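So this block is model28.txt, compact mmCIF, C-alpha atoms and all ligand atoms:
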# COMPACT_ATOMS: atom_id res chain seq x y z
CA MET J 18 33.42 10.90 7.20
CA ALA J 19 33.66 8.45 10.10
CA SER J 20 31.42 10.58 12.30
CA ARG J 21 28.92 11.04 9.46
CA GLU J 22 28.76 7.26 9.06
CA THR J 23 28.30 6.84 12.78
CA GLY J 24 25.39 9.29 12.68
CA ILE J 25 23.82 7.45 9.75
CA LYS J 26 24.18 4.09 11.48
CA GLU J 27 22.65 5.52 14.63
CA GLN J 28 19.55 6.54 12.65
CA LEU J 29 19.35 3.19 10.87
CA ARG J 30 19.62 1.34 14.15
CA ARG J 31 16.47 3.09 15.37
CA GLN J 32 14.44 2.43 12.20
CA TRP J 33 11.13 0.61 12.64
CA ILE J 34 9.58 -1.38 9.82
CA GLU J 35 6.32 -3.25 10.41
CA THR J 36 5.60 -6.56 8.72
CA PRO J 37 2.04 -7.76 7.96
CA SER J 38 0.64 -10.95 9.47
CA TRP J 39 -0.87 -11.86 6.11
CA ALA J 40 2.57 -12.11 4.50
CA TYR J 41 3.20 -15.25 6.58
CA GLY J 42 0.02 -17.14 5.72
CA ASN J 43 -0.88 -18.76 2.43
CA THR J 44 -1.98 -16.34 -0.27
CA GLY J 45 -2.33 -16.38 -4.01
CA THR J 46 -3.96 -14.78 -6.99
CA ARG J 47 -7.56 -15.29 -7.99
CA PHE J 48 -6.29 -18.19 -10.07
CA LYS J 49 -4.54 -20.27 -7.46
CA VAL J 50 -3.34 -20.33 -3.88
CA PHE J 51 -0.15 -22.39 -3.68
CA ARG J 52 -0.01 -23.78 -0.16
CA GLN J 53 3.45 -23.75 1.34
CA PRO J 54 4.35 -26.45 3.84
CA GLY J 55 5.19 -24.78 7.13
CA ALA J 56 3.25 -21.58 6.42
CA ALA J 57 1.84 -19.99 9.57
CA ARG J 58 -1.67 -21.21 10.32
CA ASP J 59 -2.90 -18.69 12.85
CA ALA J 60 -2.08 -15.33 14.38
CA PHE J 61 0.23 -16.89 16.98
CA GLU J 62 2.37 -18.60 14.34
CA LYS J 63 2.39 -15.48 12.17
CA ILE J 64 3.78 -13.48 15.07
CA GLU J 65 6.42 -16.19 15.58
CA ASP J 66 7.52 -15.77 11.95
CA ALA J 67 7.50 -11.98 12.27
CA ALA J 68 9.70 -12.37 15.36
CA VAL J 69 12.22 -14.32 13.27
CA VAL J 70 12.34 -11.41 10.81
CA HIS J 71 12.93 -8.99 13.68
CA ARG J 72 15.54 -11.18 15.36
CA LEU J 73 17.56 -11.32 12.14
CA THR J 74 17.14 -7.72 10.96
CA GLY J 75 16.82 -5.86 14.26
CA VAL J 76 14.46 -3.28 12.78
CA ALA J 77 11.07 -5.00 12.43
CA PRO J 78 9.65 -5.07 15.97
CA SER J 79 5.92 -4.98 15.16
CA VAL J 80 3.39 -6.94 13.19
CA ALA J 81 0.12 -5.68 11.68
CA LEU J 82 -3.02 -7.78 12.14
CA HIS J 83 -5.96 -8.28 9.77
CA ILE J 84 -9.31 -9.08 11.37
CA PRO J 85 -10.93 -11.62 11.03
CA TRP J 86 -7.98 -13.40 9.42
CA ASP J 87 -6.20 -13.05 12.77
CA LYS J 88 -9.25 -13.33 14.99
CA VAL J 89 -8.52 -14.93 18.38
CA ASP J 90 -10.59 -15.39 21.53
CA ASP J 91 -8.17 -13.55 23.76
CA TYR J 92 -6.37 -10.52 22.33
CA ALA J 93 -4.56 -9.77 25.57
CA ARG J 94 -3.03 -13.26 25.31
CA LEU J 95 -2.02 -12.58 21.71
CA ALA J 96 -0.37 -9.30 22.73
CA LYS J 97 1.46 -11.14 25.52
CA HIS J 98 2.61 -13.80 23.05
CA ALA J 99 4.03 -10.96 20.92
CA ALA J 100 5.70 -9.32 23.92
CA ASP J 101 7.24 -12.64 24.99
CA LEU J 102 8.85 -12.80 21.55
CA GLY J 103 10.09 -9.21 21.79
CA MET J 104 7.37 -7.99 19.43
CA ARG J 105 4.52 -5.48 19.49
CA ILE J 106 1.15 -5.55 17.80
CA GLY J 107 1.07 -2.97 15.01
CA ALA J 108 -1.83 -1.60 13.01
CA ILE J 109 -5.21 -3.36 13.19
CA ASN J 110 -6.72 -3.80 9.72
CA PRO J 111 -10.48 -4.40 9.63
CA ASN J 112 -11.78 -6.53 6.79
CA VAL J 113 -15.03 -5.30 5.28
CA PHE J 114 -14.58 -6.80 1.83
CA GLN J 115 -15.01 -10.54 2.06
CA GLU J 116 -18.62 -11.15 2.96
CA ASP J 117 -21.57 -11.62 0.62
CA GLU J 118 -23.41 -8.63 2.06
CA TYR J 119 -20.61 -6.34 0.84
CA ARG J 120 -21.37 -6.88 -2.86
CA LEU J 121 -22.44 -3.22 -3.17
CA GLY J 122 -19.98 -1.94 -0.61
CA SER J 123 -19.55 -1.85 3.16
CA VAL J 124 -19.73 1.57 4.81
CA CYS J 125 -20.92 3.11 1.51
CA ASN J 126 -23.55 0.43 0.84
CA PRO J 127 -27.00 1.83 0.02
CA ASP J 128 -28.52 -0.49 2.68
CA PRO J 129 -28.27 1.06 6.17
CA ALA J 130 -28.30 -2.39 7.85
CA ILE J 131 -25.20 -3.43 5.92
CA ARG J 132 -23.51 -0.13 6.72
CA ARG J 133 -24.28 -0.78 10.39
CA LYS J 134 -22.68 -4.23 10.22
CA ALA J 135 -19.54 -2.75 8.61
CA ILE J 136 -19.29 0.09 11.13
CA ASP J 137 -19.74 -2.37 14.00
CA HIS J 138 -16.74 -4.30 12.67
CA LEU J 139 -14.69 -1.10 12.54
CA LEU J 140 -15.68 -0.41 16.16
CA GLU J 141 -14.71 -3.97 17.11
CA CYS J 142 -11.28 -3.27 15.58
CA VAL J 143 -10.96 -0.08 17.62
CA GLU J 144 -11.49 -2.24 20.71
CA ILE J 145 -8.92 -4.77 19.51
CA ALA J 146 -6.46 -1.91 19.03
CA ALA J 147 -7.08 -0.79 22.60
CA GLU J 148 -6.73 -4.34 23.97
CA THR J 149 -3.53 -5.13 22.11
CA GLY J 150 -1.83 -1.77 22.60
CA SER J 151 -1.90 -1.15 18.86
CA PRO J 152 -1.16 2.43 17.79
CA ALA J 153 -3.58 2.51 14.83
CA ILE J 154 -6.51 1.14 12.96
CA SER J 155 -5.73 1.00 9.27
CA LEU J 156 -8.75 1.28 7.00
CA TRP J 157 -9.07 0.15 3.43
CA PHE J 158 -12.45 -0.02 1.73
CA ALA J 159 -13.11 -2.11 -1.35
CA ASP J 160 -16.23 0.03 -1.78
CA GLY J 161 -17.05 1.49 -5.15
CA THR J 162 -19.20 1.01 -8.22
CA ASN J 163 -18.76 -0.72 -11.55
CA TYR J 164 -21.19 1.21 -13.73
CA PRO J 165 -22.06 4.87 -14.24
CA GLY J 166 -25.41 5.48 -12.56
CA GLN J 167 -25.10 2.44 -10.29
CA ASP J 168 -25.11 4.65 -7.19
CA ASP J 169 -24.80 8.30 -6.28
CA ILE J 170 -21.12 9.27 -5.97
CA SER J 171 -21.72 12.11 -3.55
CA ARG J 172 -24.15 10.24 -1.28
CA ARG J 173 -21.64 7.42 -1.00
CA GLN J 174 -19.10 9.99 0.24
CA ASP J 175 -21.63 11.14 2.86
CA ARG J 176 -22.07 7.56 4.07
CA LEU J 177 -18.30 7.10 4.20
CA ALA J 178 -17.86 10.34 6.16
CA ALA J 179 -20.51 9.27 8.69
CA ALA J 180 -18.88 5.85 9.21
CA LEU J 181 -15.43 7.38 9.62
CA ARG J 182 -16.77 9.95 12.09
CA GLU J 183 -18.40 7.28 14.27
CA THR J 184 -15.20 5.21 14.23
CA TYR J 185 -12.93 8.17 14.86
CA ASP J 186 -15.02 9.30 17.81
CA ALA J 187 -14.74 5.83 19.36
CA MET J 188 -10.93 5.78 19.19
CA PRO J 189 -9.22 6.04 22.57
CA GLU J 190 -6.34 8.47 22.96
CA GLY J 191 -3.15 7.04 21.54
CA VAL J 192 -4.88 5.26 18.66
CA SER J 193 -4.84 6.89 15.26
CA MET J 194 -6.73 6.19 12.05
CA LEU J 195 -4.98 5.49 8.76
CA LEU J 196 -7.09 5.83 5.62
CA GLU J 197 -5.73 3.99 2.60
CA TYR J 198 -6.67 4.86 -0.97
CA LYS J 199 -6.64 2.70 -4.07
CA LEU J 200 -7.20 3.72 -7.66
CA PHE J 201 -9.15 0.68 -8.78
CA GLU J 202 -9.94 -2.93 -7.88
CA PRO J 203 -12.18 -4.55 -6.94
CA SER J 204 -14.40 -1.78 -8.28
CA PHE J 205 -13.67 -0.51 -11.75
CA TYR J 206 -15.77 2.60 -12.37
CA THR J 207 -15.42 4.37 -9.04
CA MET J 208 -13.63 3.49 -5.84
CA ASP J 209 -14.97 5.47 -2.90
CA VAL J 210 -11.43 6.32 -1.75
CA PRO J 211 -9.50 6.26 -5.02
CA ASP J 212 -6.75 8.76 -4.34
CA TRP J 213 -4.81 10.73 -1.75
CA GLY J 214 -6.97 13.81 -2.26
CA THR J 215 -10.14 12.00 -1.24
CA SER J 216 -8.40 10.39 1.71
CA LEU J 217 -6.93 13.73 2.80
CA LEU J 218 -10.32 15.49 2.63
CA HIS J 219 -11.84 12.89 4.95
CA CYS J 220 -8.86 13.00 7.30
CA GLN J 221 -8.95 16.78 7.51
CA ALA J 222 -12.66 16.69 8.31
CA LEU J 223 -12.10 14.10 11.05
CA GLY J 224 -9.24 15.56 13.06
CA GLU J 225 -5.52 15.34 13.61
CA ARG J 226 -5.42 11.66 14.44
CA ALA J 227 -6.71 10.73 10.97
CA GLN J 228 -3.89 10.31 8.47
CA VAL J 229 -3.44 9.24 4.88
CA LEU J 230 -1.90 5.84 4.17
CA VAL J 231 0.08 5.47 0.94
CA ASP J 232 0.17 1.94 -0.49
CA THR J 233 2.83 2.10 -3.18
CA GLY J 234 0.89 -0.36 -5.37
CA HIS J 235 -2.31 1.69 -5.47
CA HIS J 236 -1.58 4.27 -8.16
CA ALA J 237 -1.84 4.62 -11.91
CA PRO J 238 1.35 3.56 -13.69
CA GLY J 239 3.83 6.41 -13.81
CA THR J 240 2.38 8.27 -10.83
CA ASN J 241 5.00 10.31 -9.02
CA ILE J 242 4.53 8.85 -5.55
CA GLU J 243 7.29 10.90 -3.91
CA PHE J 244 5.42 14.05 -4.92
CA ILE J 245 2.37 12.79 -2.99
CA VAL J 246 4.60 11.87 -0.05
CA ALA J 247 6.22 15.33 0.01
CA ASN J 248 2.82 17.04 -0.05
CA LEU J 249 1.34 14.89 2.71
CA LEU J 250 4.42 15.46 4.86
CA ARG J 251 4.11 19.18 4.25
CA VAL J 252 0.61 19.28 5.72
CA GLY J 253 1.38 16.77 8.49
CA ARG J 254 -0.97 14.10 7.17
CA LEU J 255 1.28 11.25 6.09
CA GLY J 256 0.25 8.45 8.41
CA GLY J 257 2.33 5.76 6.82
CA PHE J 258 3.05 3.37 4.02
CA HIS J 259 2.06 0.01 2.77
CA PHE J 260 5.25 -0.81 0.93
CA ASN J 261 5.29 -3.31 -1.91
CA SER J 262 6.23 -3.18 -5.55
CA ARG J 263 4.36 -3.56 -8.74
CA PHE J 264 4.95 -3.96 -12.43
CA TYR J 265 1.34 -3.51 -13.57
CA ALA J 266 -1.37 -3.12 -10.93
CA ASP J 267 -1.59 -4.01 -7.23
CA ASP J 268 1.00 -6.78 -7.59
CA ASP J 269 2.03 -6.86 -3.89
CA LEU J 270 5.57 -7.99 -4.78
CA LEU J 271 8.71 -7.39 -2.72
CA VAL J 272 9.27 -3.70 -2.06
CA GLY J 273 12.24 -2.43 -4.02
CA ALA J 274 12.15 -5.35 -6.46
CA ALA J 275 10.45 -3.62 -9.37
CA ASP J 276 11.81 -0.11 -8.94
CA PRO J 277 14.51 0.44 -6.29
CA PHE J 278 15.02 3.97 -7.56
CA GLN J 279 11.41 4.87 -6.79
CA LEU J 280 11.82 3.51 -3.26
CA PHE J 281 14.94 5.65 -2.86
CA ARG J 282 13.11 8.73 -4.15
CA ILE J 283 10.32 8.16 -1.64
CA MET J 284 12.77 7.66 1.24
CA ASN J 285 14.65 10.74 0.12
CA GLU J 286 11.53 12.88 0.75
CA ILE J 287 11.07 11.16 4.11
CA VAL J 288 14.65 11.64 5.26
CA ALA J 289 14.73 15.24 4.01
CA VAL J 290 12.27 16.17 6.77
CA GLY J 291 13.37 13.63 9.39
CA ALA J 292 10.21 11.55 9.05
CA HIS J 293 12.18 8.30 9.23
CA ALA J 294 12.58 8.72 13.00
CA PRO J 295 10.42 6.25 14.94
CA ASP J 296 8.65 9.07 16.79
CA SER J 297 7.76 10.97 13.59
CA GLY J 298 4.30 9.41 13.48
CA VAL J 299 4.87 7.86 10.04
CA ALA J 300 4.41 4.08 10.02
CA PHE J 301 6.61 2.11 7.64
CA MET J 302 4.59 -1.01 7.00
CA LEU J 303 4.91 -3.72 4.39
CA ASP J 304 1.81 -5.01 2.58
CA GLN J 305 2.94 -7.92 0.49
CA CYS J 306 1.92 -11.43 -0.47
CA HIS J 307 4.49 -14.10 -1.12
CA ASN J 308 2.66 -16.50 -3.35
CA ILE J 309 5.59 -18.44 -4.81
CA GLU J 310 8.63 -17.53 -2.69
CA ASP J 311 9.63 -18.42 0.88
CA LYS J 312 7.56 -16.07 3.01
CA VAL J 313 9.90 -15.39 5.92
CA ALA J 314 12.94 -14.91 3.67
CA ALA J 315 10.86 -12.62 1.46
CA GLU J 316 9.92 -10.43 4.41
CA ILE J 317 13.57 -10.29 5.50
CA ARG J 318 14.57 -9.27 1.96
CA SER J 319 11.88 -6.57 1.95
CA VAL J 320 12.97 -5.14 5.29
CA LEU J 321 16.55 -5.04 3.99
CA ASN J 322 15.40 -3.30 0.81
CA VAL J 323 13.67 -0.54 2.79
CA GLN J 324 16.74 -0.29 5.02
CA GLU J 325 19.05 0.03 2.00
CA ALA J 326 16.90 2.75 0.43
CA THR J 327 16.86 4.60 3.76
CA ALA J 328 20.64 4.33 4.09
CA LYS J 329 21.06 5.78 0.59
CA ALA J 330 18.65 8.61 1.41
CA LEU J 331 20.67 9.32 4.56
CA LEU J 332 23.80 9.52 2.45
CA VAL J 333 22.45 12.38 0.34
CA ASP J 334 24.71 15.38 0.92
CA ARG J 335 21.90 17.76 1.91
CA PRO J 336 23.95 20.97 2.19
CA ALA J 337 25.48 20.32 -1.25
CA LEU J 338 22.06 19.52 -2.67
CA ARG J 339 20.54 22.68 -1.23
CA ALA J 340 23.41 24.81 -2.52
CA ALA J 341 23.11 23.38 -6.03
CA GLN J 342 19.33 23.87 -5.98
CA GLU J 343 19.62 27.46 -4.86
CA GLU J 344 22.27 28.22 -7.46
CA GLY J 345 20.02 26.68 -10.08
CA ASP J 346 22.72 24.15 -10.93
CA VAL J 347 20.42 21.50 -12.33
CA LEU J 348 23.02 18.89 -13.18
CA ARG J 349 24.97 19.26 -9.95
CA ALA J 350 21.79 18.86 -7.87
CA HIS J 351 20.84 15.74 -9.79
CA GLU J 352 24.38 14.44 -9.46
CA VAL J 353 24.33 14.85 -5.65
CA LEU J 354 21.18 12.77 -5.46
CA MET J 355 22.47 10.09 -7.84
CA ASP J 356 25.79 9.85 -5.98
CA ALA J 357 23.86 8.69 -2.93
CA PHE J 358 21.64 6.33 -4.89
CA ASN J 359 24.62 4.76 -6.63
CA THR J 360 26.52 4.11 -3.40
CA ASP J 361 26.72 0.48 -2.33
CA VAL J 362 25.43 0.65 1.24
CA ARG J 363 25.66 -3.07 1.92
CA PRO J 364 29.06 -2.88 3.68
CA LEU J 365 27.77 -0.08 5.94
CA LEU J 366 24.68 -2.12 6.82
CA ALA J 367 26.73 -5.26 7.45
CA GLU J 368 28.90 -3.24 9.82
CA LEU J 369 25.82 -1.87 11.57
CA ARG J 370 24.42 -5.38 12.07
CA THR J 371 27.67 -6.61 13.53
CA GLU J 372 27.61 -3.66 15.92
CA MET J 373 24.04 -4.59 16.84
CA GLY J 374 25.11 -8.15 17.61
CA LEU J 375 23.34 -9.50 14.51
CA ASP J 376 24.59 -11.67 11.69
CA PRO J 377 25.79 -9.29 8.92
CA ASP J 378 23.91 -11.46 6.39
CA PRO J 379 20.32 -11.90 7.63
CA ILE J 380 19.14 -13.99 4.67
CA GLY J 381 22.10 -16.35 5.02
CA ALA J 382 21.48 -16.54 8.76
CA TYR J 383 17.83 -17.39 8.10
CA ARG J 384 18.81 -20.16 5.71
CA ARG J 385 21.22 -21.56 8.28
CA SER J 386 18.74 -21.19 11.16
CA GLY J 387 16.68 -24.25 10.24
CA HIS J 388 13.44 -22.25 10.83
CA ALA J 389 11.93 -23.35 7.50
CA ALA J 390 12.62 -27.05 8.13
CA ARG J 391 11.36 -26.74 11.70
CA THR J 392 8.06 -25.13 10.74
CA ARG J 393 7.58 -27.67 7.93
CA ALA J 394 7.91 -30.44 10.51
CA ASP J 395 5.86 -28.75 13.26
CA ARG J 396 3.05 -27.07 11.38
CA VAL J 397 1.20 -30.09 10.16
CA GLY J 398 -2.56 -30.06 9.78
CA GLY J 399 -4.84 -27.08 10.12
CA SER J 400 -4.97 -24.45 7.46
CA SER J 401 -3.46 -21.07 6.97
CA SER J 402 -5.86 -18.32 7.89
CA GLY J 403 -5.04 -15.98 4.99
CA TRP J 404 -7.55 -15.87 2.15
CA GLY J 405 -8.06 -19.05 0.20
CA GLY J 406 -5.53 -20.78 2.39
C1 LIG J 501 -5.91 -3.71 -0.63
O1 LIG J 501 -5.43 -4.01 -1.89
C2 LIG J 501 -4.81 -3.76 0.41
O2 LIG J 501 -3.72 -2.99 0.01
C3 LIG J 501 -5.31 -3.33 1.77
O3 LIG J 501 -4.28 -2.77 2.52
C4 LIG J 501 -5.73 -4.62 2.36
O4 LIG J 501 -5.92 -4.58 3.72
C5 LIG J 501 -4.59 -5.50 1.92
O5 LIG J 501 -4.36 -5.07 0.59
C6 LIG J 501 -4.88 -6.95 1.95
O6 LIG J 501 -3.82 -7.65 1.40
MN MN J 502 -2.44 -1.97 1.39

Mind turning this structure into structure tokens?
Ligand code: PSV
Ligand code: MN
Amino acid sequence: MASRETGIKEQLRRQWIETPSWAYGNTGTRFKVFRQPGAARDAFEKIEDAAVVHRLTGVAPSVALHIPWDKVDDYARLAKHAADLGMRIGAINPNVFQEDEYRLGSVCNPDPAIRRKAIDHLLECVEIAAETGSPAISLWFADGTNYPGQDDISRRQDRLAAALRETYDAMPEGVSMLLEYKLFEPSFYTMDVPDWGTSLLHCQALGERAQVLVDTGHHAPGTNIEFIVANLLRVGRLGGFHFNSRFYADDDLLVGAADPFQLFRIMNEIVAVGAHAPDSGVAFMLDQCHNIEDKVAAEIRSVLNVQEATAKALLVDRPALRAAQEEGDVLRAHEVLMDAFNTDVRPLLAELRTEMGLDPDPIGAYRRSGHAARTRADRVGGSSSGWGG
């Protein structure tokens, strides 16, 4: 048992969870943005907050950027700032959904001049990825239609394919493309990339460096996300996750808060094929907005939630599970899985943190660190660069 635990801790020690810059700036719903004193105001401060999360958890060494929310004059300087804090720049997320021209879409817009503008922004993000040493550009399109007949579904797919091709062909070696799907919102009749099938078709047409991104909040209620994950892993096209949790739609709440069992089931598929290893090519990113709670503490909590689900998935007795499955012992197989899920992994994780030279209680350590009071005192004036902030 001791050596099994050592092996599990070894794998958890090497886990890599990416936090999003936009979690650290002010955000809100379409009704209200509640500004939080001390919230990060620019990309530099967001990276500083992300570094606090990494320092306390030991497993969150990179931060995703969203352009232009995180636009800076000198990206090499930003990457150096990250490196000085022991951090790396993660996925670069272009933003082609917040300008007036994009009312009818960005890369799928019927107007070629607007499509050009959107593609140019994607190309700019490819350059930013190259300059910052980012491993990926992560694409999400708000494109779609609200009314039957508004535009031609198939022609919009052609425009999307052309934009993706141009972007893909501009990507230097070492940069990959993640294509995120979303069932609905902001468009309500059709989204141009509504599901994993559409994303996968485009990725397959593009080449091996194009991969599907699964945002856990982007499905119809009741969707079996681990089934999607297992299938994408099977064909080598799972590029990564945007983890968050939801009760109703794209709620962007703390991962593991609404349905810890779902998170475990997803991580179980991941661990079953070893895709939790940092070199597996699957990116474990958070995509959350902390509208009413402390942002840094919320990101720490989220990282811990993913870590706990991973630890439980690692505890699954795989030989026993396989044997029960092959014998057709339905209840035994289910029991093996539930045994792992029902195990309290917090003591194991506390032990791991102590071994890593970390405080066994990262949230407590954050509260004691004085970071919140310090940023409230230091970050006066200016405005947060997230939306509406
Ligand atoms: C869209 O809902 C999304 O999930 C995309 O990943 C965006 O980049 C992100 O949210 C913005 O918060
Ligand atoms: Mn997302």

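Remark: for J:Arg251, the closest of the candidate residues J:Glu190, J:Glu197, J:Asp168, J:Glu286 is J:Glu286 (distances computed over all atoms listed in the file).
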
Skipping near chain neighbours, those fewer than 5 positions away, what residues fall within 8 Å of stretch 53-59 of chain J using all atoms listed in the file, listed as a short mmCIF file (atom, residue, chain, number, x, y, z; two decimals) with C-alpha atoms, in the frame of the given file?
data_model
loop_
_atom_site.label_atom_id
_atom_site.label_comp_id
_atom_site.auth_asym_id
_atom_site.auth_seq_id
_atom_site.Cartn_x
_atom_site.Cartn_y
_atom_site.Cartn_z
CA TYR J 41 3.20 -15.25 6.58
CA GLY J 42 0.02 -17.14 5.72
CA ASN J 43 -0.88 -18.76 2.43
CA ASP J 66 7.52 -15.77 11.95
CA ASP J 87 -6.20 -13.05 12.77
CA LYS J 312 7.56 -16.07 3.01
CA ALA J 389 11.93 -23.35 7.50
CA ALA J 390 12.62 -27.05 8.13
CA ARG J 391 11.36 -26.74 11.70
CA THR J 392 8.06 -25.13 10.74
CA ARG J 393 7.58 -27.67 7.93
CA ALA J 394 7.91 -30.44 10.51
CA ASP J 395 5.86 -28.75 13.26
CA ARG J 396 3.05 -27.07 11.38
CA VAL J 397 1.20 -30.09 10.16
CA GLY J 399 -4.84 -27.08 10.12
CA SER J 400 -4.97 -24.45 7.46
CA SER J 401 -3.46 -21.07 6.97
CA SER J 402 -5.86 -18.32 7.89
#

For the interface of chain J with ligand LIG 501 (chain J) (cut-off 7 Å, counting all atoms listed in the file), please tabulate each contacting residue of chain J alongside its nearest pair of atoms and their separation in Å to one decimal, rows sorted by chain and increasing number, as a Markdown table.
| residue | atom | partner | partner_atom | distance |
| --- | --- | --- | --- | --- |
| J:Trp39 | CA | J:LIG501 | O6 | 7.0 |
| J:Asn110 | CA | J:LIG501 | O4 | 6.1 |
| J:Asn112 | CA | J:LIG501 | O4 | 6.9 |
| J:Trp157 | CA | J:LIG501 | C3 | 5.4 |
| J:Glu197 | CA | J:LIG501 | O3 | 6.9 |
| J:Asp232 | CA | J:LIG501 | O2 | 6.3 |
| J:His259 | CA | J:LIG501 | O3 | 6.9 |
| J:Asp267 | CA | J:LIG501 | O1 | 6.6 |
| J:Asp304 | CA | J:LIG501 | O6 | 6.3 |
| J:Gln305 | CA | J:LIG501 | O6 | 6.8 |

Task: Env. residues ligand MN 502 (chain J) / 12 Å / all atoms listed in the file / as a ChimeraX atom specification - done: /J:36-37,39-40,81,83,108,110-112,155-159,195-200,202,229-236,257-262,267-270,301-306

The distance between atom CA of J:Asn248 and atom CA of J:Ala300 is 16.5 Å

Self-check item: Spatial sel., origin (-10.8, 13.4, 14.1), limit 9 Å, all atoms listed in the file, listed as a ChimeraX atom specification
Solution: /J:181-182,185-186,193-194,220-227

*Taking (18.4, -12.6, 3.9) in the file's coordinates, which residues come within 12 Å, counting only C-alpha atoms, written as a PyMOL selection string?*
chain J and resi 69-74+311-322+367+376-386

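The two atoms in question, atom CA of J:Trp33 and atom CA of J:Gly291, are spaced 13.6 Å apart.
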
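Among the candidate residues J:Lys329, J:His351, J:Arg132, J:Arg339, the one lying nearest to J:Lys26 is J:Lys329, with distances computed using only C-alpha atoms.
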
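Pairwise distance (atom CA of J:Pro364, atom CA of J:Ile25) equals 13.1 Å.
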
Problem set entry | Close residues, J:Met284 itself excluded, 10 Å, only C-alpha atoms, min 3 positions apart in chain, as a PyMOL selection string | chain J and resi 243+246+278-281+287-289+292-293+323-331

_List the spatial neighbours of J:Ala187 as a PyMOL selection string - criterion: any atom at most 9 Å away, only C-alpha atoms, same-chain residues fewer than 2 positions off excluded._
chain J and resi 140+143-144+182-185+189
